[in-house]
Amino acid sequence: MIESVPPEGLPVAAPEVAAPEVAPAPVAVAPTRPEALPEDYWDGEAGAPKWDALSEKLTKVQEYEAAEAARREAVPVEANAYKLDLPENVVGIDGKPVRLIADDPATKAAQELAAKHGLTQEQFTDFVAFHAGQLLAGQKAADSAIRAEMTKLGAEAPARIKAVESALKQQLGDKGTALSDSLFTAEAVEALEALIAKLTTPAISAPHQTAAQDLSLAERMYQKG
């Protein structure tokens, strides 16, 4: 192959060089919310997290974790370690402070339930005191109702009830106790007094018995005694 050589003194043409390829300008892409970040903490317009909200949330989480750690420290290590002391304002009908019985199955069940759910001593005491208060309120209401019924029977209420109980035992033996235990109302006492009077009064009375029949059941029982 013969290479042509330009005559001496003439300019030599530069070889053609291909222009470099220019990469296309990158397309701007808007930032997207990370999957692990809740929507409440993402600013879509700014394309960035809501840092103030995140900081506030983090503070609350740290406070909760600290409080929970302190709470766990206050949880007794085992069920029978829960103390049974109740507040002094939890009192019975007699006005005396109520005390829990350690060996009572209900007490042990309450301690085991508290341990199962990780209650603190304070939470356990509050729970038991509330429950005891509800029971005592029921007892006080029942006691008030019985006292009201006894008032209807008058000043001799105790004597009248005792007379009915004695008559029932005399007529029915030990089975009379079942009826005696039902003497909660004045009407019940009066009904049994009337029934016993019929059972203990002869169908035909002699003239000299009239005065005795006019006596109350309690008075007749005292005379028999």
# chains A, B, ... in the order shown; residues from 1 in each chain; ligands from 1
>>> residues_around(residues="Phe130 (chain A)", least_positions_apart="5", cutoff="10 Å", atoms="only C-alpha atoms", output="list in words")
Leu86, Val90, Phe124, Thr125, Leu135 and Leu136 of chain A
>>> select_by_dssp(residues="region 57-218 of chain A", states="helix (DSSP H, G or I)", output="PyMOL selection string")
chain A and resi 57-73+79-81+105-116+121-152+157-180+186-200+207-213+217-218
>>> residues_around(residues="Ala186 (chain A)", least_positions_apart="5", cutoff="8 Å", atoms="only C-alpha atoms", output="ChimeraX atom specification")
/A:149-150,152-153
>>> select_by_dssp(residues="region 10-180 of chain A", states="strand (DSSP E)", output="list in words")
Trp42, Asp43, Ala48 and Pro49 of chain A
>>> write_last_selection(atoms="N, CA and C atoms", output="mmCIF file, in the first residue's frame")
data_model
loop_
_atom_site.group_PDB
_atom_site.id
_atom_site.type_symbol
_atom_site.label_atom_id
_atom_site.label_comp_id
_atom_site.auth_asym_id
_atom_site.auth_seq_id
_atom_site.Cartn_x
_atom_site.Cartn_y
_atom_site.Cartn_z
ATOM 1 N N TRP A 42 -43.926 12.401 58.516
ATOM 2 C CA TRP A 42 -43.303 12.697 57.218
ATOM 3 C C TRP A 42 -43.951 13.942 56.610
ATOM 4 N N ASP A 43 -43.113 14.886 56.220
ATOM 5 C CA ASP A 43 -43.572 16.111 55.572
ATOM 6 C C ASP A 43 -43.464 15.913 54.069
ATOM 7 N N ALA A 48 -39.191 15.523 53.711
ATOM 8 C CA ALA A 48 -38.271 15.246 54.821
ATOM 9 C C ALA A 48 -39.081 14.880 56.068
ATOM 10 N N PRO A 49 -38.453 14.197 57.024
ATOM 11 C CA PRO A 49 -39.164 13.862 58.275
ATOM 12 C C PRO A 49 -39.533 15.116 59.064
#
>>> residues_around(residues="Lys83 (chain A)", least_positions_apart="3", cutoff="12 Å", atoms="only C-alpha atoms", output="list in words")
Val75, Pro76, Val77, Glu78, Ala79, Asn80, Leu86, Pro87, Arg99, Leu100, Ile101, Ala102, Thr107, Lys108, Ala110, Gln111, Ala114, Thr120, Gln121, Glu122, Gln123, Phe124, Thr125, Asp126 and Val128 of chain A
>>> atom_distance(atom1="CA of Pro34 (chain A)", atom2="CA of Gly47 (chain A)")
10.7 Å
>>> atom_distance(atom1="CA of Arg72 (chain A)", atom2="CA of Leu119 (chain A)")
8.5 Å
>>> atom_distance(atom1="CA of Ala132 (chain A)", atom2="CA of Pro105 (chain A)")
15.0 Å
>>> closest_residue(among="A:Glu112, A:His117, A:Thr32, A:Ser180", to="Ala81 (chain A)", atoms="only C-alpha atoms")
A:Glu112
